[in-house]
file coords_11.txt (compact mmCIF, C-alpha atoms and all ligand atoms)
# COMPACT_ATOMS: atom_id res chain seq x y z
CA MET A 1 -0.07 -19.46 -2.42
CA ARG A 2 -0.08 -15.82 -1.37
CA LYS A 3 -3.47 -14.36 -0.48
CA PRO A 4 -4.08 -11.22 -2.55
CA ILE A 5 -4.53 -7.93 -0.74
CA ILE A 6 -6.48 -4.99 -2.11
CA ALA A 7 -5.96 -1.78 -0.18
CA GLY A 8 -7.69 1.51 -0.80
CA ASN A 9 -5.58 4.61 -0.31
CA TRP A 10 -8.05 7.40 0.22
CA LYS A 11 -5.22 9.98 0.41
CA MET A 12 -6.58 13.37 1.58
CA ASN A 13 -10.17 12.57 0.67
CA LYS A 14 -13.36 11.94 2.65
CA THR A 15 -14.49 13.74 5.75
CA ALA A 16 -15.84 11.61 8.57
CA ALA A 17 -19.39 12.02 7.26
CA GLU A 18 -18.25 10.91 3.79
CA CYS A 19 -16.30 8.05 5.34
CA ARG A 20 -19.46 6.82 7.02
CA THR A 21 -21.29 6.72 3.68
CA LEU A 22 -18.49 4.97 1.82
CA ILE A 23 -17.78 2.29 4.44
CA THR A 24 -21.50 1.64 4.93
CA GLU A 25 -21.87 1.12 1.18
CA LEU A 26 -18.77 -1.04 0.95
CA ILE A 27 -19.57 -3.52 3.71
CA PRO A 28 -22.23 -5.54 1.84
CA LYS A 29 -20.44 -5.18 -1.50
CA VAL A 30 -17.15 -6.76 -0.38
CA LYS A 31 -18.40 -9.25 2.18
CA ASP A 32 -17.64 -12.30 0.01
CA ALA A 33 -14.16 -11.17 -1.03
CA LYS A 34 -11.50 -13.85 -1.33
CA CYS A 35 -8.69 -11.35 -0.79
CA ASP A 36 -7.74 -9.20 2.20
CA VAL A 37 -9.61 -5.90 2.03
CA VAL A 38 -8.08 -2.78 3.59
CA VAL A 39 -9.01 0.90 3.55
CA CYS A 40 -6.24 3.37 4.43
CA VAL A 41 -8.11 6.46 5.47
CA PRO A 42 -7.20 9.94 6.74
CA PHE A 43 -6.28 10.05 10.43
CA THR A 44 -9.54 11.77 11.36
CA ASP A 45 -11.54 8.91 9.81
CA ILE A 46 -9.71 5.99 11.43
CA ALA A 47 -11.76 5.63 14.60
CA LEU A 48 -15.05 5.88 12.75
CA ALA A 49 -13.93 3.53 9.97
CA ALA A 50 -12.76 0.99 12.56
CA GLU A 51 -16.05 1.21 14.43
CA LEU A 52 -18.10 0.77 11.24
CA ALA A 53 -15.91 -2.06 9.96
CA ALA A 54 -15.80 -4.00 13.23
CA GLY A 55 -17.01 -7.55 12.69
CA THR A 56 -16.71 -7.27 8.88
CA ASN A 57 -13.90 -8.37 6.56
CA ILE A 58 -12.76 -4.76 6.03
CA LYS A 59 -9.55 -3.79 7.82
CA VAL A 60 -8.55 -0.22 8.49
CA GLY A 61 -5.19 1.39 7.87
CA ALA A 62 -3.46 4.75 8.22
CA GLN A 63 -1.32 6.58 5.66
CA ASN A 64 1.69 7.35 7.83
CA ILE A 65 3.25 6.62 11.25
CA ALA A 66 5.89 8.48 13.25
CA TRP A 67 9.20 6.81 14.09
CA ALA A 68 9.17 8.29 17.57
CA GLU A 69 6.92 7.05 20.32
CA SER A 70 5.76 10.49 21.41
CA GLY A 71 7.04 14.00 21.94
CA ALA A 72 7.75 17.20 20.06
CA PHE A 73 6.92 16.15 16.50
CA THR A 74 4.29 18.62 15.33
CA GLY A 75 2.01 17.18 12.68
CA GLU A 76 3.05 13.56 13.18
CA ILE A 77 1.00 10.66 14.53
CA SER A 78 2.22 7.93 16.85
CA ALA A 79 1.79 4.19 16.81
CA ALA A 80 -0.13 4.30 20.09
CA MET A 81 -2.55 6.89 18.68
CA LEU A 82 -3.12 4.83 15.56
CA ARG A 83 -3.59 1.62 17.49
CA GLU A 84 -6.07 3.15 19.89
CA ALA A 85 -8.01 4.62 16.97
CA GLY A 86 -8.26 1.14 15.45
CA ALA A 87 -5.74 1.04 12.61
CA GLU A 88 -4.16 -2.31 11.81
CA TYR A 89 -2.30 -1.46 8.58
CA VAL A 90 -0.16 1.53 7.71
CA ILE A 91 1.12 2.85 4.38
CA ILE A 92 4.75 3.96 4.57
CA GLY A 93 6.81 5.86 2.00
CA HIS A 94 4.11 6.65 -0.52
CA SER A 95 5.58 8.56 -3.46
CA GLU A 96 3.49 11.60 -2.56
CA ARG A 97 5.18 11.63 0.85
CA ARG A 98 8.57 11.31 -0.85
CA GLN A 99 7.76 13.99 -3.46
CA TYR A 100 6.01 16.64 -1.38
CA PHE A 101 6.99 15.98 2.22
CA GLY A 102 10.64 15.11 2.08
CA GLU A 103 10.45 11.41 2.91
CA THR A 104 13.66 9.57 2.15
CA ASP A 105 14.68 5.93 2.27
CA ALA A 106 16.04 6.66 5.76
CA THR A 107 12.77 8.08 7.11
CA VAL A 108 10.85 5.26 5.44
CA ASN A 109 13.14 2.81 7.22
CA SER A 110 12.65 4.51 10.61
CA ARG A 111 8.90 4.49 10.20
CA LEU A 112 8.93 0.85 9.10
CA VAL A 113 11.00 -0.19 12.10
CA ARG A 114 8.55 1.55 14.42
CA ALA A 115 5.48 0.12 12.67
CA ILE A 116 6.85 -3.41 12.99
CA GLU A 117 7.82 -2.92 16.64
CA ALA A 118 4.33 -1.66 17.36
CA GLY A 119 2.69 -4.63 15.64
CA PHE A 120 1.23 -2.94 12.57
CA LYS A 121 0.95 -4.49 9.12
CA PRO A 122 2.97 -2.09 6.98
CA ILE A 123 2.50 -1.43 3.26
CA VAL A 124 5.78 0.01 1.98
CA CYS A 125 5.66 1.88 -1.33
CA VAL A 126 8.45 1.92 -3.89
CA GLY A 127 8.58 2.92 -7.54
CA GLU A 128 10.36 4.92 -10.19
CA THR A 129 9.54 8.23 -11.87
CA LEU A 130 9.03 8.54 -15.61
CA ASP A 131 12.55 9.97 -16.10
CA GLU A 132 14.00 7.06 -14.18
CA ARG A 133 12.04 4.52 -16.25
CA GLU A 134 13.03 6.17 -19.50
CA GLY A 135 16.62 6.35 -18.30
CA GLY A 136 16.66 2.58 -17.71
CA LYS A 137 16.90 3.04 -13.95
CA THR A 138 13.69 1.30 -12.85
CA GLU A 139 15.46 -1.67 -11.30
CA SER A 140 18.22 0.27 -9.59
CA VAL A 141 15.73 2.75 -8.10
CA CYS A 142 13.44 0.00 -6.80
CA LYS A 143 16.41 -1.90 -5.40
CA THR A 144 17.76 1.15 -3.56
CA GLN A 145 14.32 1.88 -2.10
CA VAL A 146 13.72 -1.71 -0.97
CA VAL A 147 17.19 -2.15 0.50
CA GLY A 148 16.87 1.24 2.24
CA ALA A 149 13.42 0.53 3.64
CA PHE A 150 14.35 -2.86 5.09
CA LYS A 151 17.69 -1.87 6.63
CA GLY A 152 18.12 -3.63 9.97
CA ILE A 153 14.83 -5.50 9.73
CA SER A 154 14.88 -9.24 10.44
CA ALA A 155 13.66 -11.87 7.99
CA ASP A 156 10.88 -12.83 10.33
CA ALA A 157 9.58 -9.28 10.52
CA ALA A 158 10.07 -8.66 6.80
CA LYS A 159 7.82 -11.57 5.85
CA GLY A 160 4.72 -9.80 7.14
CA VAL A 161 5.40 -6.54 5.30
CA VAL A 162 3.51 -5.81 2.08
CA ILE A 163 5.38 -3.95 -0.66
CA ALA A 164 3.41 -1.79 -3.08
CA TYR A 165 5.18 -1.27 -6.38
CA GLU A 166 3.86 2.05 -7.64
CA PRO A 167 5.49 3.58 -10.70
CA VAL A 168 5.19 7.30 -9.96
CA TRP A 169 4.23 8.05 -13.56
CA ALA A 170 1.17 5.81 -13.23
CA ILE A 171 -0.23 7.33 -10.04
CA GLY A 172 -3.35 9.38 -10.56
CA THR A 173 -2.51 9.85 -14.24
CA GLY A 174 -4.77 7.23 -15.77
CA LYS A 175 -1.62 5.65 -17.24
CA THR A 176 -1.21 2.13 -15.91
CA ALA A 177 1.91 0.09 -16.28
CA THR A 178 1.12 -2.73 -18.68
CA ASP A 179 0.43 -6.08 -17.07
CA ASP A 180 3.83 -7.25 -18.23
CA GLN A 181 5.71 -4.17 -17.02
CA ALA A 182 4.11 -4.47 -13.59
CA ASN A 183 4.70 -8.21 -13.41
CA GLU A 184 8.31 -7.87 -14.50
CA THR A 185 9.21 -5.13 -12.03
CA ILE A 186 7.43 -6.88 -9.17
CA GLY A 187 9.32 -10.05 -10.08
CA TYR A 188 12.52 -8.03 -9.91
CA ILE A 189 11.56 -6.58 -6.51
CA ARG A 190 10.89 -10.13 -5.31
CA SER A 191 14.39 -11.09 -6.43
CA VAL A 192 15.80 -8.23 -4.35
CA VAL A 193 13.85 -9.49 -1.33
CA LYS A 194 15.27 -12.93 -2.03
CA GLU A 195 18.82 -11.55 -2.06
CA LEU A 196 18.14 -9.87 1.27
CA TYR A 197 16.22 -12.60 3.07
CA GLY A 198 16.17 -15.81 1.05
CA ALA A 199 13.46 -17.64 -0.84
CA ALA A 200 11.17 -18.45 2.09
CA VAL A 201 10.60 -14.73 2.70
CA SER A 202 10.46 -13.66 -0.95
CA ASP A 203 7.98 -16.43 -1.78
CA ALA A 204 5.75 -15.48 1.15
CA MET A 205 5.89 -11.70 0.76
CA ARG A 206 2.94 -10.02 -0.87
CA ILE A 207 3.81 -7.40 -3.46
CA GLN A 208 1.02 -5.25 -4.83
CA TYR A 209 0.80 -3.10 -7.91
CA GLY A 210 -0.44 0.49 -7.59
CA GLY A 211 -1.00 3.27 -10.10
CA SER A 212 -4.33 3.89 -11.82
CA MET A 213 -5.54 0.37 -11.09
CA ASN A 214 -9.26 0.32 -11.85
CA PRO A 215 -12.18 -1.95 -12.79
CA LYS A 216 -11.01 -2.03 -16.41
CA ASN A 217 -7.47 -3.23 -15.83
CA VAL A 218 -7.77 -5.24 -12.62
CA GLU A 219 -8.33 -8.58 -14.30
CA GLY A 220 -5.28 -8.40 -16.53
CA LEU A 221 -3.03 -7.26 -13.70
CA MET A 222 -4.32 -9.83 -11.22
CA ALA A 223 -3.84 -12.62 -13.75
CA LYS A 224 -0.07 -12.10 -13.53
CA PRO A 225 1.74 -14.48 -11.20
CA GLU A 226 3.91 -11.91 -9.40
CA ILE A 227 1.11 -9.42 -8.65
CA ASP A 228 -0.49 -10.07 -5.28
CA GLY A 229 -3.07 -7.31 -5.24
CA GLY A 230 -3.32 -3.57 -5.55
CA LEU A 231 -2.99 -0.26 -3.77
CA ILE A 232 -5.89 1.71 -5.17
CA GLY A 233 -6.14 5.50 -5.04
CA GLY A 234 -8.81 7.17 -7.16
CA ALA A 235 -10.87 4.03 -7.70
CA SER A 236 -11.08 3.39 -3.94
CA LEU A 237 -13.23 6.48 -3.44
CA LYS A 238 -16.32 4.95 -5.06
CA SER A 239 -17.86 1.86 -3.54
CA ASP A 240 -18.82 0.38 -6.92
CA ASP A 241 -15.33 0.67 -8.37
CA PHE A 242 -13.51 -0.48 -5.25
CA SER A 243 -15.80 -3.43 -4.62
CA TYR A 244 -15.52 -4.46 -8.27
CA ILE A 245 -11.72 -4.55 -7.95
CA VAL A 246 -11.93 -6.42 -4.62
CA ASN A 247 -14.27 -9.02 -6.04
CA LYS A 248 -12.03 -9.65 -9.08
CA ALA A 249 -8.97 -10.22 -6.91
P1 LIG B 301 -4.17 5.92 -8.11
O1 LIG B 301 -3.28 6.00 -6.78
O2 LIG B 301 -4.87 4.59 -8.09
O3 LIG B 301 -5.13 7.08 -8.00
O4 LIG B 301 -3.25 6.05 -9.27
C1 LIG B 301 -2.60 4.88 -6.31
C2 LIG B 301 -1.76 5.28 -5.13
O5 LIG B 301 -1.15 6.36 -5.16
O6 LIG B 301 -1.65 4.55 -4.13
call {"tool": "encode", "arguments": {"input": "coords_11.txt", "output": "structure tokens"}}
result
Amino acid sequence: MRKPIIAGNWKMNKTAAECRTLITELIPKVKDAKCDVVVCVPFTDIALAAELAAGTNIKVGAQNIAWAESGAFTGEISAAMLREAGAEYVIIGHSERRQYFGETDATVNSRLVRAIEAGFKPIVCVGETLDEREGGKTESVCKTQVVGAFKGISADAAKGVVIAYEPVWAIGTGKTATDDQANETIGYIRSVVKELYGAAVSDAMRIQYGGSMNPKNVEGLMAKPEIDGGLIGGASLKSDDFSYIVNKA
């Protein structure tokens, strides 16, 4: 049995003061969770979030990681910086990074390699756009992204990576993939992982759904056998909504 994982992706929201309020509210509300609980916060909130969450069941993550160890990479953040700040997880290849900041399967792969080397728990995002879904390309797009992300990564390392399947058309739009669409595509992604690494890895790997997951649809999605949790954007910014999702998972 795979343990579900619910991760909040705060994106570019919450100052440190707001982070303090949200984490403080969350701690008692998620303390009995049966799933792994993660909050992926802005870089400037990581140290505070880690300090507040210490000794609780909330783990802290970042939203990006550089492939280089250090040096002339203006605007990037290194593994050592993230580790010292207290991050344990890191989101890699979110569709907003791909859409607005030029991330490609190759940069996603480089970041993933570095995150694994540095001992982080990566959450790698894949998913198709609306045009791609309507053009019947959902599977080929997801396959290309998964194969690209995991290039050169060993089976042993791959097992600990979480994949987030996030159809781009469902992110922040209020449109969720239906339970069956999400389950089917995640099942397909699992079959790609199986082709790459065999059944032991594909059976163990946790694959989340992301895209307008909220208190209203969490139960239906989590009831599906392939869906091992969620990457939650908008609904992770309110302690009531996020804790509701966590406690249903
Ligand atoms: P959303 O974002 O829940 O606001 O759709 C999910 C994500 O982008 O990770």
call {"tool": "closest_residue", "arguments": {"input": "coords_11.txt", "among": "A:Ala115, A:Ile23, A:Val141, A:Val37", "to": "Ala49 (chain A)", "atoms": "all atoms listed in the file"}}
result
A:Ile23
call {"tool": "atom_distance", "arguments": {"input": "coords_11.txt", "atom1": "CA of Thr44 (chain A)", "atom2": "CA of Ser110 (chain A)"}}
result
23.4 Å
call {"tool": "residues_around", "arguments": {"input": "coords_11.txt", "residues": "Lys143 (chain A)", "least_positions_apart": "5", "cutoff": "10 Å", "atoms": "all atoms listed in the file", "output": "number ranges by chain"}}
result
A: 126-127, 137-138, 148-149, 188-193
call {"tool": "axis_aligned_box", "arguments": {"input": "coords_11.txt", "around": "ligand LIG 301 (chain B)", "padding_each_side": "4 Å", "output": "AutoDock Vina command-line options"}}
result
--center_x -3.1 --center_y 5.8 --center_z -6.7 --size_x 12.0 --size_y 10.5 --size_z 13.1
call {"tool": "residues_near_point", "arguments": {"input": "coords_11.txt", "point": "(12.2, 3.3, -7.0)", "cutoff": "10 Å", "atoms": "all atoms listed in the file", "output": "PyMOL selection string"}}
result
chain A and resi 95+105+125-129+132-133+137-146+165-168+189
call {"tool": "closest_atom_pairs", "arguments": {"input": "coords_11.txt", "of": "chain A", "to": "ligand LIG 301 (chain B)", "cutoff": "7 Å", "atoms": "all atoms listed in the file", "output": "CSV"}}
result
residue,atom,partner,partner_atom,distance
A:Asn9,CA,B:LIG301,O6,5.5
A:Glu166,CA,B:LIG301,C2,7.0
A:Ala170,CA,B:LIG301,O4,5.9
A:Ile171,CA,B:LIG301,O4,3.4
A:Gly172,CA,B:LIG301,O4,3.6
A:Thr173,CA,B:LIG301,O4,6.3
A:Gly174,CA,B:LIG301,O4,6.8
A:Gly210,CA,B:LIG301,C1,5.1
A:Gly211,CA,B:LIG301,O4,3.7
A:Ser212,CA,B:LIG301,O4,3.5
A:Met213,CA,B:LIG301,O2,5.2
A:Leu231,CA,B:LIG301,O6,5.0
A:Ile232,CA,B:LIG301,O2,4.2
A:Gly233,CA,B:LIG301,O1,3.4
A:Gly234,CA,B:LIG301,O3,3.8
A:Ala235,CA,B:LIG301,O2,6.0
call {"tool": "write_last_selection", "arguments": {"input": "coords_11.txt", "atoms": "C-alpha atoms", "output": "PDB file, keeping the file's coordinate frame"}}
result
ATOM      1  CA  ASN A   9      -5.580   4.610  -0.310  1.00  0.00           C
ATOM      2  CA  GLU A 166       3.860   2.050  -7.640  1.00  0.00           C
ATOM      3  CA  ALA A 170       1.170   5.810 -13.230  1.00  0.00           C
ATOM      4  CA  ILE A 171      -0.230   7.330 -10.040  1.00  0.00           C
ATOM      5  CA  GLY A 172      -3.350   9.380 -10.560  1.00  0.00           C
ATOM      6  CA  THR A 173      -2.510   9.850 -14.240  1.00  0.00           C
ATOM      7  CA  GLY A 174      -4.770   7.230 -15.770  1.00  0.00           C
ATOM      8  CA  GLY A 210      -0.440   0.490  -7.590  1.00  0.00           C
ATOM      9  CA  GLY A 211      -1.000   3.270 -10.100  1.00  0.00           C
ATOM     10  CA  SER A 212      -4.330   3.890 -11.820  1.00  0.00           C
ATOM     11  CA  MET A 213      -5.540   0.370 -11.090  1.00  0.00           C
ATOM     12  CA  LEU A 231      -2.990  -0.260  -3.770  1.00  0.00           C
ATOM     13  CA  ILE A 232      -5.890   1.710  -5.170  1.00  0.00           C
ATOM     14  CA  GLY A 233      -6.140   5.500  -5.040  1.00  0.00           C
ATOM     15  CA  GLY A 234      -8.810   7.170  -7.160  1.00  0.00           C
ATOM     16  CA  ALA A 235     -10.870   4.030  -7.700  1.00  0.00           C
TER      17      ALA A 235
END
call {"tool": "residues_around", "arguments": {"input": "coords_11.txt", "residues": "Pro42 (chain A)", "least_positions_apart": "6", "cutoff": "7 Å", "atoms": "all atoms listed in the file", "output": "ChimeraX atom specification"}}
result
/A:11-12,62-63
call {"tool": "atom_distance", "arguments": {"input": "coords_11.txt", "atom1": "CA of Lys31 (chain A)", "atom2": "CA of Ile207 (chain A)"}}
result
23.0 Å
call {"tool": "closest_residue", "arguments": {"input": "coords_11.txt", "among": "A:Lys3, A:Lys224, A:Lys121, A:Arg111", "to": "Phe150 (chain A)", "atoms": "all atoms listed in the file"}}
result
A:Arg111
call {"tool": "residues_near_point", "arguments": {"input": "coords_11.txt", "point": "(0.9, -20.3, -6.1)", "cutoff": "8 Å", "atoms": "only C-alpha atoms", "output": "list in words"}}
result
Met1, Arg2 and Pro225 of chain A
call {"tool": "closest_residue", "arguments": {"input": "coords_11.txt", "among": "A:Gly8, A:Asp156, A:Glu18, A:Val161", "to": "Leu112 (chain A)", "atoms": "only C-alpha atoms"}}
result
A:Val161
call {"tool": "closest_residue", "arguments": {"input": "coords_11.txt", "among": "A:Leu26, A:Ile153, A:Ala164, A:Val90", "to": "Leu237 (chain A)", "atoms": "all atoms listed in the file"}}
result
A:Leu26
call {"tool": "atom_distance", "arguments": {"input": "coords_11.txt", "atom1": "CA of Glu195 (chain A)", "atom2": "CA of Ala182 (chain A)"}}
result
20.0 Å
call {"tool": "decode", "arguments": {"input": "coords_11.txt", "residues": "region 5-35 of chain A", "atoms": "N, CA and C atoms", "output": "PDB file, in the first residue's frame"}}
result
ATOM      1  N   ILE A   5       0.050  11.226  -0.142  1.00  0.00           N
ATOM      2  CA  ILE A   5       0.788  12.448   0.180  1.00  0.00           C
ATOM      3  C   ILE A   5       0.008  13.656  -0.339  1.00  0.00           C
ATOM      4  N   ILE A   6      -0.290  14.552   0.571  1.00  0.00           N
ATOM      5  CA  ILE A   6      -0.973  15.800   0.199  1.00  0.00           C
ATOM      6  C   ILE A   6       0.039  16.925   0.378  1.00  0.00           C
ATOM      7  N   ALA A   7       0.310  17.616  -0.711  1.00  0.00           N
ATOM      8  CA  ALA A   7       1.282  18.709  -0.661  1.00  0.00           C
ATOM      9  C   ALA A   7       0.608  20.005  -1.073  1.00  0.00           C
ATOM     10  N   GLY A   8       0.796  21.028  -0.278  1.00  0.00           N
ATOM     11  CA  GLY A   8       0.319  22.356  -0.657  1.00  0.00           C
ATOM     12  C   GLY A   8       1.382  23.037  -1.496  1.00  0.00           C
ATOM     13  N   ASN A   9       0.955  23.668  -2.558  1.00  0.00           N
ATOM     14  CA  ASN A   9       1.866  24.476  -3.382  1.00  0.00           C
ATOM     15  C   ASN A   9       1.387  25.914  -3.254  1.00  0.00           C
ATOM     16  N   TRP A  10       2.078  26.649  -2.398  1.00  0.00           N
ATOM     17  CA  TRP A  10       1.627  28.017  -2.123  1.00  0.00           C
ATOM     18  C   TRP A  10       1.906  28.948  -3.299  1.00  0.00           C
ATOM     19  N   LYS A  11       2.747  28.512  -4.244  1.00  0.00           N
ATOM     20  CA  LYS A  11       3.141  29.369  -5.374  1.00  0.00           C
ATOM     21  C   LYS A  11       3.699  30.686  -4.829  1.00  0.00           C
ATOM     22  N   MET A  12       3.408  31.822  -5.486  1.00  0.00           N
ATOM     23  CA  MET A  12       3.975  33.094  -5.013  1.00  0.00           C
ATOM     24  C   MET A  12       2.961  33.788  -4.103  1.00  0.00           C
ATOM     25  N   ASN A  13       2.621  33.097  -3.019  1.00  0.00           N
ATOM     26  CA  ASN A  13       1.665  33.626  -2.060  1.00  0.00           C
ATOM     27  C   ASN A  13       2.220  33.449  -0.652  1.00  0.00           C
ATOM     28  N   LYS A  14       1.873  34.369   0.211  1.00  0.00           N
ATOM     29  CA  LYS A  14       2.168  34.361   1.648  1.00  0.00           C
ATOM     30  C   LYS A  14       3.557  34.937   1.964  1.00  0.00           C
ATOM     31  N   THR A  15       3.513  36.092   2.580  1.00  0.00           N
ATOM     32  CA  THR A  15       4.723  36.668   3.160  1.00  0.00           C
ATOM     33  C   THR A  15       5.073  35.838   4.400  1.00  0.00           C
ATOM     34  N   ALA A  16       6.198  36.142   4.990  1.00  0.00           N
ATOM     35  CA  ALA A  16       6.587  35.398   6.190  1.00  0.00           C
ATOM     36  C   ALA A  16       5.544  35.572   7.305  1.00  0.00           C
ATOM     37  N   ALA A  17       5.043  36.781   7.460  1.00  0.00           N
ATOM     38  CA  ALA A  17       4.032  37.005   8.513  1.00  0.00           C
ATOM     39  C   ALA A  17       2.785  36.163   8.226  1.00  0.00           C
ATOM     40  N   GLU A  18       2.386  36.102   6.959  1.00  0.00           N
ATOM     41  CA  GLU A  18       1.204  35.307   6.594  1.00  0.00           C
ATOM     42  C   GLU A  18       1.478  33.813   6.734  1.00  0.00           C
ATOM     43  N   CYS A  19       2.718  33.438   6.459  1.00  0.00           N
ATOM     44  CA  CYS A  19       3.138  32.040   6.613  1.00  0.00           C
ATOM     45  C   CYS A  19       3.009  31.621   8.077  1.00  0.00           C
ATOM     46  N   ARG A  20       3.415  32.504   8.958  1.00  0.00           N
ATOM     47  CA  ARG A  20       3.326  32.198  10.391  1.00  0.00           C
ATOM     48  C   ARG A  20       1.873  31.907  10.776  1.00  0.00           C
ATOM     49  N   THR A  21       0.962  32.737  10.308  1.00  0.00           N
ATOM     50  CA  THR A  21      -0.451  32.550  10.641  1.00  0.00           C
ATOM     51  C   THR A  21      -0.959  31.214  10.095  1.00  0.00           C
ATOM     52  N   LEU A  22      -0.667  30.965   8.835  1.00  0.00           N
ATOM     53  CA  LEU A  22      -1.212  29.756   8.193  1.00  0.00           C
ATOM     54  C   LEU A  22      -0.663  28.473   8.830  1.00  0.00           C
ATOM     55  N   ILE A  23       0.639  28.419   9.039  1.00  0.00           N
ATOM     56  CA  ILE A  23       1.229  27.196   9.624  1.00  0.00           C
ATOM     57  C   ILE A  23       0.721  27.008  11.064  1.00  0.00           C
ATOM     58  N   THR A  24       0.641  28.094  11.794  1.00  0.00           N
ATOM     59  CA  THR A  24       0.161  28.005  13.181  1.00  0.00           C
ATOM     60  C   THR A  24      -1.274  27.470  13.215  1.00  0.00           C
ATOM     61  N   GLU A  25      -2.086  27.909  12.270  1.00  0.00           N
ATOM     62  CA  GLU A  25      -3.465  27.399  12.207  1.00  0.00           C
ATOM     63  C   GLU A  25      -3.500  25.935  11.786  1.00  0.00           C
ATOM     64  N   LEU A  26      -2.614  25.594  10.860  1.00  0.00           N
ATOM     65  CA  LEU A  26      -2.641  24.231  10.301  1.00  0.00           C
ATOM     66  C   LEU A  26      -2.235  23.156  11.302  1.00  0.00           C
ATOM     67  N   ILE A  27      -1.250  23.463  12.122  1.00  0.00           N
ATOM     68  CA  ILE A  27      -0.645  22.428  12.977  1.00  0.00           C
ATOM     69  C   ILE A  27      -1.705  21.609  13.741  1.00  0.00           C
ATOM     70  N   PRO A  28      -2.591  22.239  14.488  1.00  0.00           N
ATOM     71  CA  PRO A  28      -3.576  21.418  15.218  1.00  0.00           C
ATOM     72  C   PRO A  28      -4.590  20.753  14.287  1.00  0.00           C
ATOM     73  N   LYS A  29      -4.848  21.376  13.142  1.00  0.00           N
ATOM     74  CA  LYS A  29      -5.901  20.851  12.256  1.00  0.00           C
ATOM     75  C   LYS A  29      -5.475  19.611  11.472  1.00  0.00           C
ATOM     76  N   VAL A  30      -4.169  19.411  11.306  1.00  0.00           N
ATOM     77  CA  VAL A  30      -3.726  18.247  10.512  1.00  0.00           C
ATOM     78  C   VAL A  30      -2.972  17.217  11.357  1.00  0.00           C
ATOM     79  N   LYS A  31      -2.970  17.405  12.665  1.00  0.00           N
ATOM     80  CA  LYS A  31      -2.084  16.577  13.492  1.00  0.00           C
ATOM     81  C   LYS A  31      -2.426  15.085  13.465  1.00  0.00           C
ATOM     82  N   ASP A  32      -3.670  14.739  13.144  1.00  0.00           N
ATOM     83  CA  ASP A  32      -4.042  13.325  13.121  1.00  0.00           C
ATOM     84  C   ASP A  32      -4.081  12.742  11.709  1.00  0.00           C
ATOM     85  N   ALA A  33      -3.482  13.442  10.766  1.00  0.00           N
ATOM     86  CA  ALA A  33      -3.532  13.001   9.362  1.00  0.00           C
ATOM     87  C   ALA A  33      -2.943  11.604   9.198  1.00  0.00           C
ATOM     88  N   LYS A  34      -3.538  10.844   8.282  1.00  0.00           N
ATOM     89  CA  LYS A  34      -3.000   9.514   7.983  1.00  0.00           C
ATOM     90  C   LYS A  34      -2.105   9.545   6.753  1.00  0.00           C
ATOM     91  N   CYS A  35      -2.034  10.693   6.110  1.00  0.00           N
ATOM     92  CA  CYS A  35      -1.181  10.827   4.920  1.00  0.00           C
ATOM     93  C   CYS A  35       0.044  11.671   5.279  1.00  0.00           C
TER      94      CYS A  35
END
